[in-house]
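Trainee: After the structure tokens below, expect a handful of questions from me.
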Amino acid sequence: METKENVLLDIKDLHTWYRVYGGYLKVLNGINLIVREGERVSLVGEAGCGKTTTMKSILRILPPGDFLIPKGEICYRGKDILKMNSREIQRLRSQEIAMIFQDPTAALNSVFTIGTQIGDVVKYSLALEEKRVHKEKIKMLSVKALKEVSLPDPERMLVNYPFQLSGGMRQRVCIAMAISSSRNLLIADEPGTSLDVTIQDQILRLLREIVEKKGTSIILITHSLGVAREMTDRIYVMYAGTIVETALTKDLFKNPVHPYTKGLLASVPKLSGGGLAKGIPGRIPDYLNPPQGCRFQPRCEYATPSCVETPPQLFEVEKGHLVACYLAQR
Amino acid sequence: MTQLGNNEILKAVNLKKYFRIGKDKKGPIFVRAVDGVNFSIRYGETLGLVGESGSGKSTIAYTVVGMYGPTSGQVLFKDQDIGMKAVRRPLSLKKEIQIVFQDPSSSLNPEQTIEQILSLPLRLHTRTPNRQFKEKMIELLEKVELPSEYLYKFPSSIGGGEKQMVAIARALASNPSLIVLDEPTSALDVSIQAKVINKLMNLQKELHLTYLFITHDLSLMRNVASRIAIMYLGKICEVADTATFFEKPLHPYTQMLISSVPVITEEEEKLKPKKVVSIGEIGSPVNPPSGCSFHPRCPYRMPICSEVDPEMIEVFPEHTVRCHLFSRPEETGSKGV
């Protein structure tokens with residue numbers, strides 16, 4: 001089915017649980033996700049559906065001691081990230097996968113200059129290769145990265161503190177940090193959400209240019225279907241810790257199959273007017289005690305007895321278009 | 001003194017609100033949150049106020065409900081000057097203007113049950129006899145489609161959309177004629193947003209309410225507002241009815257905003273003015289750019305833009321724009337529309 005060579009990241013049946021008082025929050029319930037080399041993929045879902053948990057599982061940056069991965073594997077170039085030792089995971093984080101967070105103000109440390117923070121990233125990724133890293137080289141690479149994100153006057157930017165920059169500029173610095181050493185996979189967690197529309201547009205355009213120029217793969221996490229449509233080739237729609245539908249972007253918008261995807265698409269207000277649909281009734285299930293069958297079933301208008309009993313598996317409706325719903329299988 | 005037009009419920013005339021944040025050698029430093037704004041709202045309509053963060057839209061909302069007193073200028077409501085803080089406002093006026101805030105989790109008291117939350121405006125503003133109190137509260141919950149057992153719940157035990165519904169019910173309790181909606185759905189998911197917005201629209205028809213709707217989401221605005229005013233750094237740039245605003249935007253900033261919105265259909269894609277690409281950053285309201293405050297980001301800027309602040313001009317009937325492109329008619333043909 002898949003040629004093994006060009007698959008960069010392959011998540012198989014991933015379960016991530018959080019330990020809380022009274023049991024486990026069973027957040028991820030079997031995530032399957034594939035990212036090929038140079039591919040732009042987005043993960044779309046509403047608040048609390050486990051998008052960020054998935055990404056944090058990939059980089060293993062979940063709060064230590066408070067989580068459990070009972071099942072599943074995350075293969076990066078054929079090697080399971082969950083079984084890597086600390087040296088390997090450090091190498092992965094500093095040279096292979098980079099993450100851009102939602103809120104640049106929280107992602108940057110406010111008591112260090114931009115130069116120190118971006119310099120550290122460069123230094124530690126070089127330190128794996130070379131014994132001694134020259135200060136000039138660090139500075140040179142930092143300036144180069146800042147130039148790539150079109151920040152004005154990058155040399156002077158190095159001595160600035162995050163509070164001296166605007167939100168948009170801070171996010172550019174975060175992107176610069178992510179691309180400062182050669183990376184193969186970028187994970188962008190809602191990179192424009194905390195910014196204004198016009199600034200979000202600038203950031204997304206920049207991100208797209210960088211990804212196209214370098215041929216980097218990207219996983220874009222977003223709650224906005226519009227952003228996903230404009231940025232990526234393939235979309236995964238996520239609901240309550242499960243992938244409910246995945247397809248090429250144009251197929252998904254032309255022919256959504258899962259009731260959740262349909263409801264979500266209809267709920268988005270259109271720039272061309274025409275009023276709003278009625279939305280989706282109910283709310284996301286309690287993860288402490290999630291529904292046994294399909295997790296969307298309590299909110300679904302087409303629910304049948306079989307939906308309540310066993311969760312549906314992903315089913316191919318057309319080539320590359322997979323849906324986890326019994327409706328699609330009929 | 002300025003008078004209200006015959007069908008206008010609220011009018012702001014040259015409204016200014018400055019906040020003092022410190023001083024230097026030259027004197028005190030102000031944040032010019034709202035800097036000379038004129039607008040009016042008609043009975044039964046929804047005026048949409050759009051703008052990016054820091055443009056002063058919430059400051060206008062808070063001035064209308066009386067959380068701030070204006071620095072200068074006037075706000076008229078039903079032939080009455082309401083340019084005073086809420087403490088000075090008569091109860092009969094407070095009853096008429098209500099507000100729904102952005103984040104329902106912080107605007108509802110977590111220590112109170114829904115019953116307690118709803119009972120305060122009822123006790124203050126209406127003459128409901130004690131034995132009808134519960135009945136009245138259940139009626140309010142019914143208006144926003146919540147079951148009566150919700151009276152005994154705490155805000156923490158209900159969902160975000162339901163909390164916002166309670167906040168709407170609280171605003172309705174005093175039987176107001178104008179409701180200020182300050183980003184009522186930006187904290188909610190789209191599937192829940194649709195439900196809340198539809199409810200608001202139905203309530204407006206049923207109860208003949210007038211809305212001042214504030215949001216930064218243009219796609220949402222298209223579906224709720226009857227007229228739209230767009231703000232940039234404390235000033236209104238363009239006012240038009242909704243269809244015109246999206247189909248023939250005149251101000252370069254409006255065009256930039258609309259072309260920046262991520263959309264989901266081809267049909268919407270066609271609406272976007274492709275020419276205006278977003279550049280630059282929003283200026284500071286402490287020290288706004290000289291002349292037209294948008295000129296550093298404007299693709300059509302002319303020498304005059306950095307010197308003179310343009311006036312608001314009515315280009316077409318009911319369509320006003322504050323831009324030099326339109327104040328000099330000979331230029332419009334080549335550069336503007």
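Just so we're on the same page: first chain in the structure tokens is A, next is B, and so on; residues restart at 1 for each chain, and ligands are numbered from 1 in the order they show up.
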As a VMD selection string, could you give me every residue of chain A near chain B (at most 7 Å apart, counting only C-alpha atoms)?
Mentor: chain A and resid 46 to 47 196 to 198 201 to 202 225 to 227 229 to 230 264 267 to 280
Trainee: Put those residues in a file: N, CA and C atoms, as an mmCIF file, in the first residue's frame.
Mentor:
```
data_model
loop_
_atom_site.group_PDB
_atom_site.id
_atom_site.type_symbol
_atom_site.label_atom_id
_atom_site.label_comp_id
_atom_site.auth_asym_id
_atom_site.auth_seq_id
_atom_site.Cartn_x
_atom_site.Cartn_y
_atom_site.Cartn_z
ATOM 1 N N GLU A 46 -11.740 20.438 17.119
ATOM 2 C CA GLU A 46 -12.131 21.501 18.027
ATOM 3 C C GLU A 46 -11.337 21.416 19.326
ATOM 4 N N ALA A 47 -11.535 22.391 20.175
ATOM 5 C CA ALA A 47 -10.813 22.436 21.443
ATOM 6 C C ALA A 47 -11.027 21.139 22.218
ATOM 7 N N ASP A 196 -3.648 38.581 15.154
ATOM 8 C CA ASP A 196 -4.732 39.180 14.374
ATOM 9 C C ASP A 196 -4.778 38.601 12.964
ATOM 10 N N VAL A 197 -5.930 38.770 12.313
ATOM 11 C CA VAL A 197 -6.123 38.158 10.993
ATOM 12 C C VAL A 197 -5.041 38.553 9.993
ATOM 13 N N THR A 198 -4.744 39.845 9.915
ATOM 14 C CA THR A 198 -3.770 40.270 8.903
ATOM 15 C C THR A 198 -2.377 39.757 9.245
ATOM 16 N N ASP A 201 -2.203 36.015 8.532
ATOM 17 C CA ASP A 201 -2.015 35.825 7.098
ATOM 18 C C ASP A 201 -0.528 35.912 6.744
ATOM 19 N N GLN A 202 0.154 36.901 7.326
ATOM 20 C CA GLN A 202 1.594 37.053 7.058
ATOM 21 C C GLN A 202 2.376 35.841 7.546
ATOM 22 N N LEU A 225 -10.837 25.268 9.641
ATOM 23 C CA LEU A 225 -10.817 24.533 8.382
ATOM 24 C C LEU A 225 -10.288 25.410 7.256
ATOM 25 N N GLY A 226 -10.526 26.729 7.360
ATOM 26 C CA GLY A 226 -10.042 27.648 6.334
ATOM 27 C C GLY A 226 -8.521 27.651 6.262
ATOM 28 N N VAL A 227 -7.868 27.699 7.421
ATOM 29 C CA VAL A 227 -6.409 27.684 7.459
ATOM 30 C C VAL A 227 -5.893 26.367 6.877
ATOM 31 N N ARG A 229 -7.285 24.434 4.731
ATOM 32 C CA ARG A 229 -7.518 24.374 3.293
ATOM 33 C C ARG A 229 -6.453 25.166 2.527
ATOM 34 N N GLU A 230 -6.087 26.309 3.076
ATOM 35 C CA GLU A 230 -5.139 27.140 2.346
ATOM 36 C C GLU A 230 -3.699 26.675 2.498
ATOM 37 N N LEU A 264 -19.258 20.169 10.967
ATOM 38 C CA LEU A 264 -18.232 21.182 11.195
ATOM 39 C C LEU A 264 -18.170 22.134 10.008
ATOM 40 N N SER A 267 -21.011 24.481 9.990
ATOM 41 C CA SER A 267 -21.040 25.455 11.077
ATOM 42 C C SER A 267 -20.149 26.659 10.821
ATOM 43 N N VAL A 268 -19.186 26.511 9.916
ATOM 44 C CA VAL A 268 -18.258 27.621 9.682
ATOM 45 C C VAL A 268 -18.991 28.748 8.973
ATOM 46 N N PRO A 269 -18.969 29.961 9.544
ATOM 47 C CA PRO A 269 -19.626 31.071 8.859
ATOM 48 C C PRO A 269 -18.924 31.388 7.541
ATOM 49 N N LYS A 270 -19.713 31.639 6.496
ATOM 50 C CA LYS A 270 -19.131 31.886 5.177
ATOM 51 C C LYS A 270 -18.987 33.379 4.927
ATOM 52 N N LEU A 271 -17.911 33.733 4.257
ATOM 53 C CA LEU A 271 -17.670 35.133 3.897
ATOM 54 C C LEU A 271 -18.712 35.606 2.889
ATOM 55 N N SER A 272 -19.307 34.635 2.172
ATOM 56 C CA SER A 272 -20.292 35.013 1.171
ATOM 57 C C SER A 272 -21.701 35.103 1.753
ATOM 58 N N GLY A 273 -21.826 34.944 3.063
ATOM 59 C CA GLY A 273 -23.118 35.109 3.717
ATOM 60 C C GLY A 273 -23.966 33.856 3.629
ATOM 61 N N GLY A 274 -25.268 34.005 3.808
ATOM 62 C CA GLY A 274 -26.156 32.851 3.692
ATOM 63 C C GLY A 274 -26.547 32.258 5.026
ATOM 64 N N GLY A 275 -26.198 32.925 6.135
ATOM 65 C CA GLY A 275 -26.624 32.437 7.444
ATOM 66 C C GLY A 275 -25.803 31.258 7.924
ATOM 67 N N LEU A 276 -26.119 30.804 9.134
ATOM 68 C CA LEU A 276 -25.363 29.723 9.735
ATOM 69 C C LEU A 276 -26.230 28.483 9.838
ATOM 70 N N ALA A 277 -25.582 27.317 9.765
ATOM 71 C CA ALA A 277 -26.315 26.083 9.979
ATOM 72 C C ALA A 277 -26.638 25.955 11.466
ATOM 73 N N LYS A 278 -27.312 24.877 11.851
ATOM 74 C CA LYS A 278 -27.745 24.807 13.245
ATOM 75 C C LYS A 278 -26.648 24.348 14.195
ATOM 76 N N GLY A 279 -25.478 24.003 13.670
ATOM 77 C CA GLY A 279 -24.386 23.580 14.541
ATOM 78 C C GLY A 279 -24.531 22.116 14.922
ATOM 79 N N ILE A 280 -23.678 21.647 15.824
ATOM 80 C CA ILE A 280 -23.762 20.263 16.276
ATOM 81 C C ILE A 280 -24.223 20.282 17.725
#
```
Trainee: Quick one: everything within 9 Å of Thr54 of chain A, counting only C-alpha atoms, minus sequence neighbours fewer than 2 positions away in the same chain. Send it as a PyMOL selection string.
Mentor: chain A and resi 14+16+28+31+50-52+56-58+241
Trainee: Please save C-alpha atoms of the selected residues as a short mmCIF file (atom, residue, chain, number, x, y, z; two decimals), in the first residue's frame.
Mentor:
```cif
data_model
loop_
_atom_site.label_atom_id
_atom_site.label_comp_id
_atom_site.auth_asym_id
_atom_site.auth_seq_id
_atom_site.Cartn_x
_atom_site.Cartn_y
_atom_site.Cartn_z
CA LEU A 14 -1.59 5.54 19.46
CA THR A 16 -2.28 8.44 25.31
CA LEU A 28 -6.21 9.46 22.50
CA ILE A 31 -4.60 7.57 16.31
CA GLY A 50 -6.42 15.80 21.53
CA LYS A 51 -4.56 17.55 18.72
CA THR A 52 -1.87 18.95 20.96
CA LYS A 56 3.36 16.28 22.35
CA SER A 57 3.39 12.49 22.26
CA ILE A 58 5.49 12.63 19.09
CA GLY A 241 -9.14 11.45 20.41
#
```
Trainee: Which of these residues is nearest to Pro147 of chain B, using only C-alpha atoms: B:Leu120, B:Ile82, B:Ile114, B:Ile97?
Mentor: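 Answer, going by the shortest atom-to-atom distance: B:Ile114.
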Trainee: List every residue of segment 49-274 of chain A that DSSP, applied to the backbone of this structure, places in strand (DSSP E), and write the result as a count of residues only.
Mentor: 40
Trainee: Please extract the residues of segment 128-337 of chain B with a backbone DSSP assignment of alpha helix (DSSP H) and present them as a PyMOL selection string.
Mentor: chain B and resi 133-143+160-172+190-207+218-224+242-247+252-260+266-271+324-327+329-335
Trainee: Could you dump the residues just selected with C-alpha atoms as an mmCIF file, in the first residue's frame?
Mentor:
```cif
data_model
loop_
_atom_site.group_PDB
_atom_site.id
_atom_site.type_symbol
_atom_site.label_atom_id
_atom_site.label_comp_id
_atom_site.auth_asym_id
_atom_site.auth_seq_id
_atom_site.Cartn_x
_atom_site.Cartn_y
_atom_site.Cartn_z
ATOM 1 C CA PHE B 133 -39.707 34.795 40.658
ATOM 2 C CA LYS B 134 -39.022 31.154 39.865
ATOM 3 C CA GLU B 135 -41.540 31.150 37.050
ATOM 4 C CA LYS B 136 -39.871 34.182 35.524
ATOM 5 C CA MET B 137 -36.428 32.610 35.744
ATOM 6 C CA ILE B 138 -37.608 29.398 34.103
ATOM 7 C CA GLU B 139 -39.135 31.533 31.382
ATOM 8 C CA LEU B 140 -35.746 33.210 30.848
ATOM 9 C CA LEU B 141 -34.030 29.842 30.583
ATOM 10 C CA GLU B 142 -36.662 28.711 28.106
ATOM 11 C CA LYS B 143 -35.902 31.713 25.944
ATOM 12 C CA GLY B 160 -19.051 26.768 27.341
ATOM 13 C CA GLY B 161 -21.943 27.268 24.933
ATOM 14 C CA GLU B 162 -24.481 26.800 27.715
ATOM 15 C CA LYS B 163 -22.642 29.264 29.932
ATOM 16 C CA GLN B 164 -22.852 31.857 27.195
ATOM 17 C CA MET B 165 -26.587 31.114 26.909
ATOM 18 C CA VAL B 166 -26.933 31.835 30.643
ATOM 19 C CA ALA B 167 -25.051 35.117 30.143
ATOM 20 C CA ILE B 168 -27.520 35.987 27.378
ATOM 21 C CA ALA B 169 -30.463 35.086 29.618
ATOM 22 C CA ARG B 170 -29.015 37.363 32.310
ATOM 23 C CA ALA B 171 -28.805 40.216 29.806
ATOM 24 C CA LEU B 172 -32.424 39.603 28.788
ATOM 25 C CA VAL B 190 -17.527 26.662 15.653
ATOM 26 C CA SER B 191 -20.117 23.920 16.066
ATOM 27 C CA ILE B 192 -21.336 25.584 19.266
ATOM 28 C CA GLN B 193 -20.910 29.100 17.928
ATOM 29 C CA ALA B 194 -23.472 28.391 15.196
ATOM 30 C CA LYS B 195 -26.061 27.456 17.804
ATOM 31 C CA VAL B 196 -25.479 30.523 19.986
ATOM 32 C CA ILE B 197 -25.553 32.900 17.015
ATOM 33 C CA ASN B 198 -28.780 31.437 15.663
ATOM 34 C CA LYS B 199 -30.374 31.822 19.084
ATOM 35 C CA LEU B 200 -29.246 35.460 19.263
ATOM 36 C CA MET B 201 -30.684 36.176 15.829
ATOM 37 C CA ASN B 202 -34.033 34.599 16.722
ATOM 38 C CA LEU B 203 -34.207 36.502 20.007
ATOM 39 C CA GLN B 204 -33.577 39.737 18.158
ATOM 40 C CA LYS B 205 -36.599 39.160 15.933
ATOM 41 C CA GLU B 206 -38.818 37.971 18.785
ATOM 42 C CA LEU B 207 -38.024 40.713 21.268
ATOM 43 C CA LEU B 218 -15.273 38.851 9.382
ATOM 44 C CA SER B 219 -16.942 35.667 8.151
ATOM 45 C CA LEU B 220 -19.153 35.653 11.218
ATOM 46 C CA MET B 221 -19.913 39.352 10.751
ATOM 47 C CA ARG B 222 -21.122 38.731 7.234
ATOM 48 C CA ASN B 223 -23.799 36.439 8.611
ATOM 49 C CA VAL B 224 -25.060 38.504 11.535
ATOM 50 C CA THR B 242 -23.066 44.310 4.993
ATOM 51 C CA ALA B 243 -23.466 43.325 1.344
ATOM 52 C CA THR B 244 -21.691 46.436 0.047
ATOM 53 C CA PHE B 245 -18.977 46.085 2.660
ATOM 54 C CA PHE B 246 -18.000 42.637 1.394
ATOM 55 C CA GLU B 247 -18.717 43.093 -2.297
ATOM 56 C CA PRO B 252 -7.488 49.676 1.601
ATOM 57 C CA TYR B 253 -7.576 48.333 5.157
ATOM 58 C CA THR B 254 -10.955 46.702 4.588
ATOM 59 C CA GLN B 255 -9.592 45.107 1.431
ATOM 60 C CA MET B 256 -6.521 43.880 3.318
ATOM 61 C CA LEU B 257 -8.639 42.385 6.095
ATOM 62 C CA ILE B 258 -11.028 40.606 3.760
ATOM 63 C CA SER B 259 -8.195 39.209 1.660
ATOM 64 C CA SER B 260 -6.526 37.826 4.818
ATOM 65 C CA GLU B 266 -14.325 28.648 -3.977
ATOM 66 C CA GLU B 267 -17.274 30.980 -3.873
ATOM 67 C CA GLU B 268 -15.779 32.866 -0.946
ATOM 68 C CA GLU B 269 -12.384 32.888 -2.632
ATOM 69 C CA LYS B 270 -13.867 34.938 -5.453
ATOM 70 C CA LEU B 271 -15.050 37.590 -3.008
ATOM 71 C CA HIS B 324 -7.610 60.315 0.800
ATOM 72 C CA LEU B 325 -8.166 58.154 -2.263
ATOM 73 C CA PHE B 326 -11.768 59.243 -2.189
ATOM 74 C CA SER B 327 -11.416 62.797 -0.994
ATOM 75 C CA PRO B 329 -12.076 62.445 -6.873
ATOM 76 C CA GLU B 330 -9.580 62.624 -9.770
ATOM 77 C CA GLU B 331 -7.496 59.869 -8.129
ATOM 78 C CA THR B 332 -10.259 57.371 -7.471
ATOM 79 C CA GLY B 333 -10.627 56.115 -11.016
ATOM 80 C CA SER B 334 -7.041 54.956 -11.323
ATOM 81 C CA LYS B 335 -6.202 53.744 -7.846
#
```
Trainee: Enter the distance from atom CA of Leu288 of chain A to atom CA of Leu25 of chain A, in Å, rounded to one decimal.
Mentor: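 The value is 4.5 Å.
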Trainee: Could you tell me how far atom CA of Asn109 of chain B sits from atom CA of Thr128 of chain B, in Å to one decimal place?
Mentor: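 A separation of 22.8 Å between them.
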Trainee: So that I can see what lies close to Leu204 of chain A, please list as a list in words the residues with an atom at most 8 Å from it, counting only C-alpha atoms and leaving out residues fewer than 6 positions away in the same chain.
Mentor: Pro191, Gly192 and Met231 of chain A
Trainee: For the residues in the current selection, export C-alpha atoms as a PDB file, in the first residue's frame.
Mentor:
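Saved file selection_32.pdb follows:
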```pdb
ATOM      1  CA  PRO A 191       0.778  29.193  14.707  1.00  0.00           C
ATOM      2  CA  GLY A 192      -1.552  32.095  13.932  1.00  0.00           C
ATOM      3  CA  MET A 231      -2.019  25.604   3.845  1.00  0.00           C
TER       4      MET A 231
END
```
Trainee: When you look at segment 65-75 of chain B with a cut-off of 8 Å (counting only C-alpha atoms), what residues show up, excluding the ones that are within fewer than 2 positions of it in the same chain? I need them as an MDAnalysis selection string.
Mentor: chainID B and resid 10:18 36 59 61:63 77 81:86 89 94 97:99 180
Trainee: Put those residues in a file: N, CA and C atoms, as a tab-separated table (two decimals), in the first residue's frame.
Mentor:
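Output (result-v7.tsv):
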```tsv
chain	number	residue	atom	x	y	z
B	10	LEU	N	-29.10	54.85	19.13
B	10	LEU	CA	-27.86	55.27	19.79
B	10	LEU	C	-26.99	56.00	18.79
B	11	LYS	N	-26.33	57.02	19.26
B	11	LYS	CA	-25.45	57.77	18.37
B	11	LYS	C	-24.23	58.23	19.15
B	12	ALA	N	-23.05	58.03	18.55
B	12	ALA	CA	-21.83	58.54	19.17
B	12	ALA	C	-21.33	59.68	18.32
B	13	VAL	N	-21.02	60.81	18.97
B	13	VAL	CA	-20.56	61.99	18.25
B	13	VAL	C	-19.17	62.36	18.73
B	14	ASN	N	-18.22	62.26	17.83
B	14	ASN	CA	-16.84	62.61	18.12
B	14	ASN	C	-16.36	62.04	19.46
B	15	LEU	N	-16.67	60.80	19.66
B	15	LEU	CA	-16.37	60.14	20.94
B	15	LEU	C	-14.88	59.87	21.08
B	16	LYS	N	-14.32	60.28	22.24
B	16	LYS	CA	-12.91	60.02	22.50
B	16	LYS	C	-12.75	59.40	23.87
B	17	LYS	N	-11.87	58.41	23.95
B	17	LYS	CA	-11.54	57.88	25.26
B	17	LYS	C	-10.03	57.67	25.30
B	18	TYR	N	-9.37	58.46	26.15
B	18	TYR	CA	-7.92	58.32	26.32
B	18	TYR	C	-7.65	57.73	27.69
B	36	GLY	N	-12.05	59.99	18.44
B	36	GLY	CA	-12.94	60.74	17.55
B	36	GLY	C	-13.77	59.82	16.66
B	59	THR	N	-13.37	49.18	23.94
B	59	THR	CA	-13.48	50.44	24.67
B	59	THR	C	-14.80	51.14	24.33
B	61	ALA	N	-17.54	49.62	23.39
B	61	ALA	CA	-18.59	48.84	24.05
B	61	ALA	C	-18.71	49.24	25.52
B	62	TYR	N	-17.56	49.34	26.20
B	62	TYR	CA	-17.58	49.64	27.62
B	62	TYR	C	-18.05	51.06	27.88
B	63	THR	N	-17.77	51.98	26.94
B	63	THR	CA	-18.24	53.34	27.10
B	63	THR	C	-19.76	53.39	26.96
B	77	PHE	N	-28.47	58.24	23.71
B	77	PHE	CA	-29.31	57.04	23.68
B	77	PHE	C	-30.75	57.47	23.89
B	81	ASP	N	-28.32	62.15	26.84
B	81	ASP	CA	-26.87	62.04	26.81
B	81	ASP	C	-26.45	61.03	27.88
B	82	ILE	N	-25.75	59.98	27.45
B	82	ILE	CA	-25.36	58.98	28.44
B	82	ILE	C	-23.85	58.98	28.66
B	83	GLY	N	-23.25	60.16	28.47
B	83	GLY	CA	-21.80	60.26	28.65
B	83	GLY	C	-21.41	60.32	30.11
B	84	MET	N	-21.92	59.42	30.91
B	84	MET	CA	-21.48	59.38	32.31
B	84	MET	C	-21.22	57.92	32.67
B	85	LYS	N	-20.50	57.74	33.75
B	85	LYS	CA	-20.21	56.39	34.17
B	85	LYS	C	-21.45	55.73	34.75
B	86	ALA	N	-21.39	54.41	34.84
B	86	ALA	CA	-22.56	53.66	35.27
B	86	ALA	C	-23.05	54.09	36.65
B	89	ARG	N	-25.52	56.74	36.33
B	89	ARG	CA	-26.66	56.49	35.46
B	89	ARG	C	-27.89	56.12	36.26
B	94	LYS	N	-29.78	51.97	32.92
B	94	LYS	CA	-29.00	50.73	33.00
B	94	LYS	C	-29.80	49.54	32.52
B	97	ILE	N	-29.73	49.15	28.57
B	97	ILE	CA	-28.52	48.72	27.86
B	97	ILE	C	-27.85	47.60	28.64
B	98	GLN	N	-27.72	46.44	28.04
B	98	GLN	CA	-27.08	45.31	28.70
B	98	GLN	C	-25.90	44.82	27.85
B	99	ILE	N	-25.05	44.02	28.47
B	99	ILE	CA	-23.87	43.55	27.75
B	99	ILE	C	-23.66	42.05	27.95
B	180	VAL	N	-25.17	44.99	23.99
B	180	VAL	CA	-23.83	45.05	23.44
B	180	VAL	C	-23.25	43.64	23.53
```
Trainee: Could you tell me how far atom CA of Ile219 of chain A lies from atom CA of Gln102 of chain A, in Å and to one decimal?
Mentor: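 Taking atom CA of Ile219 of chain A as the start and atom CA of Gln102 of chain A as the end point, the length is 13.3 Å.
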